[in-house]
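> entry32.cif is the file, holding mmCIF, C-alpha atoms:
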data_query
loop_
_atom_site.label_atom_id
_atom_site.label_comp_id
_atom_site.auth_asym_id
_atom_site.auth_seq_id
_atom_site.Cartn_x
_atom_site.Cartn_y
_atom_site.Cartn_z
CA MET B 1 -36.19 35.70 -1.34
CA THR B 2 -37.49 32.14 -1.36
CA ASN B 3 -35.19 29.49 -2.74
CA LEU B 4 -36.98 28.53 -5.96
CA ALA B 5 -35.09 25.25 -6.22
CA ASP B 6 -36.72 24.08 -2.96
CA ARG B 7 -40.22 24.77 -4.21
CA PRO B 8 -42.18 21.61 -5.05
CA ASN B 9 -43.09 21.18 -8.71
CA SER B 10 -46.54 20.25 -9.89
CA ALA B 11 -47.92 19.68 -13.36
CA ARG B 12 -50.07 22.78 -12.92
CA GLY B 13 -47.11 24.88 -11.74
CA ASP B 14 -44.95 23.64 -14.62
CA ARG B 15 -47.73 24.50 -17.06
CA ARG B 16 -48.10 27.98 -15.57
CA ARG B 17 -44.33 28.63 -15.76
CA GLU B 18 -44.38 27.49 -19.38
CA GLU B 19 -47.29 29.83 -20.17
CA LEU B 20 -45.47 32.77 -18.59
CA VAL B 21 -42.26 32.07 -20.51
CA GLU B 22 -44.13 31.64 -23.80
CA ALA B 23 -46.01 34.90 -23.18
CA GLY B 24 -42.70 36.62 -22.47
CA VAL B 25 -41.09 35.29 -25.65
CA ALA B 26 -44.09 36.48 -27.68
CA LEU B 27 -43.84 39.95 -26.14
CA LEU B 28 -40.09 40.04 -26.68
CA GLY B 29 -40.62 39.28 -30.36
CA GLU B 30 -43.27 42.00 -30.67
CA ASP B 31 -42.08 44.84 -28.43
CA GLY B 32 -38.53 44.05 -27.37
CA TRP B 33 -37.34 44.04 -23.77
CA PRO B 34 -39.23 47.23 -22.85
CA GLY B 35 -42.47 45.35 -23.56
CA VAL B 36 -41.60 42.42 -21.30
CA THR B 37 -43.03 43.78 -18.05
CA THR B 38 -44.59 41.87 -15.19
CA ARG B 39 -48.02 43.23 -15.99
CA ALA B 40 -47.74 42.61 -19.75
CA VAL B 41 -46.49 39.03 -19.37
CA ALA B 42 -49.14 38.17 -16.76
CA GLY B 43 -51.83 39.77 -18.94
CA ARG B 44 -50.70 37.83 -22.04
CA ALA B 45 -50.64 34.60 -20.01
CA GLY B 46 -54.02 35.38 -18.44
CA THR B 47 -52.73 35.10 -14.90
CA ASN B 48 -51.93 37.06 -11.76
CA PRO B 49 -48.70 39.13 -11.84
CA GLY B 50 -47.81 37.73 -8.40
CA LEU B 51 -47.16 34.35 -9.99
CA ILE B 52 -44.10 35.79 -11.72
CA HIS B 53 -42.52 36.39 -8.33
CA TYR B 54 -43.70 33.00 -7.09
CA HIS B 55 -42.35 31.02 -10.04
CA PHE B 56 -39.30 33.09 -11.04
CA GLY B 57 -38.40 35.19 -8.01
CA GLY B 58 -39.38 38.33 -9.93
CA LEU B 59 -38.97 39.91 -13.33
CA THR B 60 -35.21 39.32 -13.44
CA GLY B 61 -35.70 35.57 -13.11
CA LEU B 62 -38.44 35.62 -15.72
CA HIS B 63 -36.21 37.60 -18.10
CA ALA B 64 -33.52 34.92 -17.73
CA ALA B 65 -36.04 32.14 -18.48
CA ILE B 66 -37.34 34.05 -21.51
CA PHE B 67 -33.78 34.67 -22.69
CA ARG B 68 -32.92 30.96 -22.42
CA ARG B 69 -36.05 29.96 -24.34
CA ALA B 70 -35.49 32.54 -27.10
CA THR B 71 -31.86 31.45 -27.39
CA ASP B 72 -32.99 27.85 -27.78
CA LEU B 73 -35.55 28.82 -30.42
CA ILE B 74 -32.89 30.52 -32.51
CA MET B 75 -29.84 28.34 -31.93
CA ASN B 76 -31.22 24.81 -31.61
CA PRO B 77 -32.55 24.39 -35.18
CA LEU B 78 -29.22 25.48 -36.62
CA VAL B 79 -27.07 23.42 -34.26
CA ASP B 80 -29.33 20.38 -34.65
CA GLY B 81 -29.12 20.73 -38.44
CA LEU B 82 -25.34 20.90 -38.36
CA LEU B 83 -25.07 17.96 -35.98
CA SER B 84 -27.38 15.77 -38.05
CA ALA B 85 -25.80 16.57 -41.43
CA PRO B 86 -24.13 13.42 -42.77
CA ASP B 87 -21.24 15.37 -44.27
CA GLU B 88 -19.84 18.86 -44.81
CA ARG B 89 -21.65 19.38 -48.14
CA SER B 90 -25.01 18.58 -46.55
CA ALA B 91 -24.23 20.98 -43.72
CA LEU B 92 -23.48 23.76 -46.23
CA VAL B 93 -26.78 23.12 -48.04
CA MET B 94 -28.64 23.32 -44.72
CA VAL B 95 -26.87 26.55 -43.72
CA ARG B 96 -27.62 28.10 -47.10
CA ARG B 97 -31.32 27.27 -46.72
CA MET B 98 -31.55 28.57 -43.15
CA ILE B 99 -29.76 31.83 -43.95
CA ALA B 100 -32.03 32.41 -46.94
CA GLU B 101 -35.10 31.96 -44.71
CA THR B 102 -33.93 34.23 -41.89
CA PRO B 103 -34.80 37.70 -43.27
CA GLY B 104 -38.35 36.56 -44.04
CA ASP B 105 -38.83 35.36 -40.48
CA GLU B 106 -39.46 38.63 -38.67
CA ARG B 107 -39.96 36.95 -35.29
CA THR B 108 -36.57 35.23 -35.41
CA THR B 109 -34.90 38.41 -36.64
CA ARG B 110 -36.44 40.45 -33.82
CA LEU B 111 -35.63 37.84 -31.18
CA ALA B 112 -32.01 37.65 -32.36
CA ALA B 113 -31.66 41.44 -32.17
CA GLU B 114 -33.22 41.53 -28.70
CA LEU B 115 -30.99 38.73 -27.44
CA ILE B 116 -27.90 40.62 -28.53
CA ALA B 117 -29.23 43.86 -27.02
CA GLY B 118 -30.16 42.12 -23.77
CA ALA B 119 -26.83 40.32 -23.54
CA THR B 120 -24.88 43.55 -23.94
CA ARG B 121 -26.96 45.43 -21.34
CA ASP B 122 -27.36 42.78 -18.66
CA PRO B 123 -24.36 40.66 -17.59
CA ALA B 124 -26.63 37.86 -16.33
CA LEU B 125 -28.33 37.59 -19.72
CA GLY B 126 -24.94 37.84 -21.41
CA ALA B 127 -23.80 34.84 -19.37
CA VAL B 128 -26.81 32.83 -20.59
CA LEU B 129 -25.96 33.60 -24.23
CA ARG B 130 -22.25 32.98 -23.67
CA ASP B 131 -22.99 29.57 -22.14
CA GLY B 132 -25.33 28.66 -25.01
CA LEU B 133 -22.71 29.62 -27.58
CA ARG B 134 -20.03 27.66 -25.72
CA GLN B 135 -22.24 24.60 -25.61
CA ALA B 136 -22.93 24.88 -29.35
CA ARG B 137 -19.20 25.10 -30.09
CA VAL B 138 -18.49 22.01 -27.97
CA GLN B 139 -21.23 20.10 -29.81
CA LEU B 140 -19.82 21.19 -33.17
CA ALA B 141 -16.30 20.16 -32.14
CA ASP B 142 -17.61 16.75 -31.04
CA ARG B 143 -19.35 16.29 -34.41
CA LEU B 144 -16.20 17.34 -36.25
CA ARG B 145 -14.24 14.77 -34.24
CA ALA B 146 -16.50 12.07 -35.70
CA VAL B 147 -16.04 13.39 -39.26
CA ARG B 148 -12.34 14.24 -38.95
CA PRO B 149 -10.93 11.78 -36.39
CA GLY B 150 -7.32 12.65 -37.21
CA TRP B 151 -7.64 16.31 -36.28
CA PRO B 152 -6.00 17.37 -32.99
CA PRO B 153 -8.27 18.82 -30.28
CA GLU B 154 -7.10 22.41 -30.79
CA ARG B 155 -7.95 22.24 -34.51
CA LEU B 156 -11.41 20.82 -33.72
CA THR B 157 -12.03 23.66 -31.25
CA GLY B 158 -10.71 26.27 -33.67
CA VAL B 159 -12.79 25.07 -36.61
CA ALA B 160 -15.93 24.77 -34.45
CA THR B 161 -15.40 28.36 -33.29
CA LEU B 162 -14.86 29.54 -36.84
CA ILE B 163 -18.01 27.74 -38.06
CA ALA B 164 -20.19 29.19 -35.30
CA ALA B 165 -18.85 32.73 -35.72
CA SER B 166 -19.09 32.57 -39.51
CA ILE B 167 -22.71 31.43 -39.45
CA ASP B 168 -23.60 34.12 -36.90
CA GLY B 169 -21.88 36.74 -39.03
CA LEU B 170 -23.52 35.59 -42.26
CA MET B 171 -26.95 35.58 -40.63
CA LEU B 172 -26.45 39.03 -39.14
CA HIS B 173 -25.16 40.50 -42.39
CA HIS B 174 -27.96 38.84 -44.36
CA MET B 175 -30.58 40.29 -41.98
CA ILE B 176 -29.18 43.74 -42.72
CA ASP B 177 -28.37 43.21 -46.40
CA GLY B 178 -30.69 40.80 -48.19
CA ASP B 179 -28.43 40.97 -51.25
CA LEU B 180 -25.44 39.52 -49.39
CA PRO B 181 -23.79 36.91 -51.65
CA VAL B 182 -24.35 34.03 -49.22
CA GLY B 183 -24.26 31.44 -51.99
CA GLU B 184 -20.86 32.60 -53.15
CA ALA B 185 -19.51 32.61 -49.60
CA LEU B 186 -20.71 29.08 -48.93
CA SER B 187 -19.44 27.89 -52.33
CA ALA B 188 -16.01 29.24 -51.36
CA VAL B 189 -16.21 27.25 -48.12
CA GLY B 190 -17.11 24.15 -50.13
CA GLU B 191 -14.03 24.68 -52.32
CA LEU B 192 -11.85 25.00 -49.23
CA LEU B 193 -13.25 21.72 -47.95
CA GLU B 194 -12.35 20.03 -51.23
CA ASP B 195 -8.80 21.45 -51.04
CA ASP B 196 -8.45 20.08 -47.48
CA ARG B 197 -9.08 16.46 -48.50
#
Represent the structure of the file as structure tokens.

Amino acid sequence: MTNLADRPNSARGDRRREELVEAGVALLGEDGWPGVTTRAVAGRAGTNPGLIHYHFGGLTGLHAAIFRRATDLIMNPLVDGLLSAPDERSALVMVRRMIAETPGDERTTRLAAELIAGATRDPALGAVLRDGLRQARVQLADRLRAVRPGWPPERLTGVATLIAASIDGLMLHHMIDGDLPVGEALSAVGELLEDDR
């Protein structure tokens, strides 16, 4: 197999790779991983299936690129919102809003389900998700360090892990049960924050 890192980049090649990844993400959101075939992605992108091998080394490489993009689409808005919140209360308001919007966003719901399914079936895809989650936890711990400078490193790591896992759990439960008392759960967190001061 050709070393893809040694291949020269061009604006046209970058554009074509982007089109293939976007086509793959669209198919993933519509049909799940079974619908993300070489032929289907090339057809959606309006290109030759051979370009998937050229740009990604084959379907496995394309799947990894699609997985990374879908992970970014789901995780980045939430992480960016948490990182930009001026304080804990603002972060809770943002989380409440995002969780309330999730069940109505069928594309995000489908992509999240497919990412979990893909990560459990394919160790390479699981590594992509694991690395994304680790990076998010590090970013959250860094933000917490700015808000709570007196906390020791292990507490920052622990709280960042708890925040990430709690939000994931709330979103998953809310996707399944639209009547989940998210407001009450986040209000309880707010009360805990007040007690910690």
> Rounded to one decimal, what separation in Å do you get between atom CA of Arg121 of chain B and atom CA of Gly24 of chain B?
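The value is 18.1 Å.
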> Quick one: apply the PyMOL selection byres ((chain B and resi 83) around 10) to the file and drop the selected residues here as a list in words.
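Evaluating the PyMOL selection byres ((chain B and resi 83) around 10) on these coordinates yields Pro77, Leu78, Val79, Asp80, Gly81, Leu82, Ser84, Ala85, Pro86, Asp87, Ala91, Ala136, Gln139, Leu140, Ala141, Asp142, Arg143 and Leu144 of chain B.
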> If the PyMOL selection byres ((chain B and resi 159-168) around 9) were run on this exact file, what residues would it hold? Put them as a PyMOL selection string.
chain B and resi 95+99+133-134+136-142+144+154-158+169-173
> What is the distance between atom CA of Ser90 of chain B and atom CA of Leu73 of chain B, in Å to one decimal?
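Pair atom CA of Ser90 of chain B / atom CA of Leu73 of chain B returns 21.8 Å.
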> If we count all atoms listed in the file and set the cut-off at 7 Å, which residues sit around segment 53-59 of chain B, ignoring sequence neighbours fewer than 3 positions away in its own chain? Please answer as a ChimeraX atom specification.
/B:17,38,50,62-63
> Of the candidates B:Asp177, B:Ala64, B:Glu19, B:Gly150, which one gets nearest to Thr47 of chain B if we count all atoms listed in the file?
B:Glu19
> With the PyMOL selection byres ((chain B and resi 41) around 10) as the selection, what would be picked from this file? Answer as a PyMOL selection string, please.
chain B and resi 19-28+35-40+42-49+52+59+62
> Measure the distance from atom CA of Leu129 of chain B to atom CA of Thr109 of chain B in Å and round it to one decimal.
16.0 Å
> Choose the residue, out of B:Leu186, B:Gly178, B:Glu18, B:Gln135, that has the smallest atom-to-atom separation from Glu101 of chain B; count all atoms listed in the file.
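Among B:Leu186, B:Gly178, B:Glu18, B:Gln135, it is B:Gly178 that comes nearest to Glu101 of chain B.
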> In file coordinates, which residues lie within 9 Å of (-29.3, 31.2, -21.0) using all atoms listed in the file, given as number ranges by chain?
B: 64-72, 124-132
> Which residue, B:Glu114, B:Trp33, B:Thr108, B:Pro149, has the smallest gap to Thr60 of chain B when you use only C-alpha atoms?
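Smallest distance to Thr60 of chain B is found for B:Trp33.
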> What are the centre and the three edge lengths of an axis-aligned box that wraps all atoms of segment 92-97 of chain B in the file, given that 6 Å is added to every side, written as lines of an AutoDock Vina configuration file and rounded to one decimal in Å?

center_x = -27.4
center_y = 25.6
center_z = -45.9
size_x = 19.8
size_y = 17.0
size_z = 16.3
> Rank B:Pro181, B:Pro123, B:Gly13, B:Pro153 by their smallest atom-to-atom distance to Leu51 of chain B, using only C-alpha atoms, and report the top residue only.
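Counting only C-alpha atoms, the residue closest to Leu51 of chain B is B:Gly13.
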> Complete the atoms of segment 58-94 of chain B to N, CA and C atoms and put them out as an mmCIF file, keeping the file's coordinate frame.

data_model
loop_
_atom_site.group_PDB
_atom_site.id
_atom_site.type_symbol
_atom_site.label_atom_id
_atom_site.label_comp_id
_atom_site.auth_asym_id
_atom_site.auth_seq_id
_atom_site.Cartn_x
_atom_site.Cartn_y
_atom_site.Cartn_z
ATOM 1 N N GLY B 58 -39.226 36.961 -9.456
ATOM 2 C CA GLY B 58 -39.380 38.330 -9.930
ATOM 3 C C GLY B 58 -39.100 38.437 -11.424
ATOM 4 N N LEU B 59 -39.136 39.665 -11.901
ATOM 5 C CA LEU B 59 -38.970 39.910 -13.330
ATOM 6 C C LEU B 59 -37.588 39.520 -13.835
ATOM 7 N N THR B 60 -36.563 39.691 -13.017
ATOM 8 C CA THR B 60 -35.210 39.320 -13.440
ATOM 9 C C THR B 60 -35.118 37.829 -13.743
ATOM 10 N N GLY B 61 -35.695 37.016 -12.883
ATOM 11 C CA GLY B 61 -35.700 35.570 -13.110
ATOM 12 C C GLY B 61 -36.518 35.189 -14.337
ATOM 13 N N LEU B 62 -37.627 35.868 -14.536
ATOM 14 C CA LEU B 62 -38.440 35.620 -15.720
ATOM 15 C C LEU B 62 -37.680 36.021 -16.980
ATOM 16 N N HIS B 63 -37.001 37.175 -16.939
ATOM 17 C CA HIS B 63 -36.210 37.600 -18.100
ATOM 18 C C HIS B 63 -35.173 36.535 -18.465
ATOM 19 N N ALA B 64 -34.523 35.954 -17.462
ATOM 20 C CA ALA B 64 -33.520 34.920 -17.730
ATOM 21 C C ALA B 64 -34.160 33.694 -18.379
ATOM 22 N N ALA B 65 -35.344 33.296 -17.896
ATOM 23 C CA ALA B 65 -36.040 32.140 -18.480
ATOM 24 C C ALA B 65 -36.472 32.432 -19.914
ATOM 25 N N ILE B 66 -36.946 33.634 -20.162
ATOM 26 C CA ILE B 66 -37.340 34.050 -21.510
ATOM 27 C C ILE B 66 -36.109 34.064 -22.420
ATOM 28 N N PHE B 67 -35.025 34.588 -21.918
ATOM 29 C CA PHE B 67 -33.780 34.670 -22.690
ATOM 30 C C PHE B 67 -33.314 33.274 -23.089
ATOM 31 N N ARG B 68 -33.332 32.331 -22.124
ATOM 32 C CA ARG B 68 -32.920 30.960 -22.420
ATOM 33 C C ARG B 68 -33.812 30.336 -23.497
ATOM 34 N N ARG B 69 -35.127 30.540 -23.362
ATOM 35 C CA ARG B 69 -36.050 29.960 -24.340
ATOM 36 C C ARG B 69 -35.837 30.569 -25.728
ATOM 37 N N ALA B 70 -35.701 31.884 -25.800
ATOM 38 C CA ALA B 70 -35.490 32.540 -27.100
ATOM 39 C C ALA B 70 -34.172 32.092 -27.717
ATOM 40 N N THR B 71 -33.148 31.942 -26.900
ATOM 41 C CA THR B 71 -31.860 31.450 -27.390
ATOM 42 C C THR B 71 -32.017 30.053 -27.983
ATOM 43 N N ASP B 72 -32.751 29.201 -27.277
ATOM 44 C CA ASP B 72 -32.990 27.850 -27.780
ATOM 45 C C ASP B 72 -33.756 27.869 -29.097
ATOM 46 N N LEU B 73 -34.752 28.743 -29.198
ATOM 47 C CA LEU B 73 -35.550 28.820 -30.420
ATOM 48 C C LEU B 73 -34.714 29.216 -31.628
ATOM 49 N N ILE B 74 -33.721 30.053 -31.399
ATOM 50 C CA ILE B 74 -32.890 30.520 -32.510
ATOM 51 C C ILE B 74 -31.735 29.572 -32.779
ATOM 52 N N MET B 75 -31.060 29.129 -31.739
ATOM 53 C CA MET B 75 -29.840 28.340 -31.930
ATOM 54 C C MET B 75 -30.094 26.863 -32.194
ATOM 55 N N ASN B 76 -31.059 26.270 -31.524
ATOM 56 C CA ASN B 76 -31.220 24.810 -31.610
ATOM 57 C C ASN B 76 -31.477 24.292 -33.021
ATOM 58 N N PRO B 77 -32.351 24.933 -33.823
ATOM 59 C CA PRO B 77 -32.550 24.390 -35.180
ATOM 60 C C PRO B 77 -31.254 24.374 -35.999
ATOM 61 N N LEU B 78 -30.466 25.412 -35.865
ATOM 62 C CA LEU B 78 -29.220 25.480 -36.620
ATOM 63 C C LEU B 78 -28.221 24.444 -36.126
ATOM 64 N N VAL B 79 -28.027 24.391 -34.818
ATOM 65 C CA VAL B 79 -27.070 23.420 -34.260
ATOM 66 C C VAL B 79 -27.527 22.001 -34.555
ATOM 67 N N ASP B 80 -28.829 21.724 -34.372
ATOM 68 C CA ASP B 80 -29.330 20.380 -34.650
ATOM 69 C C ASP B 80 -29.120 20.008 -36.123
ATOM 70 N N GLY B 81 -29.346 20.981 -37.016
ATOM 71 C CA GLY B 81 -29.120 20.730 -38.440
ATOM 72 C C GLY B 81 -27.673 20.411 -38.746
ATOM 73 N N LEU B 82 -26.766 21.159 -38.140
ATOM 74 C CA LEU B 82 -25.340 20.900 -38.360
ATOM 75 C C LEU B 82 -24.933 19.550 -37.796
ATOM 76 N N LEU B 83 -25.449 19.217 -36.620
ATOM 77 C CA LEU B 83 -25.070 17.960 -35.980
ATOM 78 C C LEU B 83 -25.625 16.744 -36.719
ATOM 79 N N SER B 84 -26.764 16.909 -37.371
ATOM 80 C CA SER B 84 -27.380 15.770 -38.050
ATOM 81 C C SER B 84 -26.959 15.642 -39.514
ATOM 82 N N ALA B 85 -26.244 16.641 -40.027
ATOM 83 C CA ALA B 85 -25.800 16.570 -41.430
ATOM 84 C C ALA B 85 -24.817 15.411 -41.587
ATOM 85 N N PRO B 86 -25.016 14.577 -42.605
ATOM 86 C CA PRO B 86 -24.130 13.420 -42.770
ATOM 87 C C PRO B 86 -22.713 13.782 -43.209
ATOM 88 N N ASP B 87 -22.565 14.960 -43.827
ATOM 89 C CA ASP B 87 -21.240 15.370 -44.270
ATOM 90 C C ASP B 87 -21.203 16.895 -44.404
ATOM 91 N N GLU B 88 -20.021 17.408 -44.729
ATOM 92 C CA GLU B 88 -19.840 18.860 -44.810
ATOM 93 C C GLU B 88 -20.715 19.495 -45.891
ATOM 94 N N ARG B 89 -20.833 18.835 -47.038
ATOM 95 C CA ARG B 89 -21.650 19.380 -48.140
ATOM 96 C C ARG B 89 -23.107 19.526 -47.700
ATOM 97 N N SER B 90 -23.625 18.513 -47.032
ATOM 98 C CA SER B 90 -25.010 18.580 -46.550
ATOM 99 C C SER B 90 -25.181 19.699 -45.538
ATOM 100 N N ALA B 91 -24.173 19.893 -44.705
ATOM 101 C CA ALA B 91 -24.230 20.980 -43.720
ATOM 102 C C ALA B 91 -24.268 22.333 -44.425
ATOM 103 N N LEU B 92 -23.474 22.496 -45.486
ATOM 104 C CA LEU B 92 -23.480 23.760 -46.230
ATOM 105 C C LEU B 92 -24.836 24.018 -46.889
ATOM 106 N N VAL B 93 -25.450 22.981 -47.423
ATOM 107 C CA VAL B 93 -26.780 23.120 -48.040
ATOM 108 C C VAL B 93 -27.785 23.575 -46.982
ATOM 109 N N MET B 94 -27.728 22.969 -45.795
ATOM 110 C CA MET B 94 -28.640 23.320 -44.720
ATOM 111 C C MET B 94 -28.426 24.759 -44.270
#
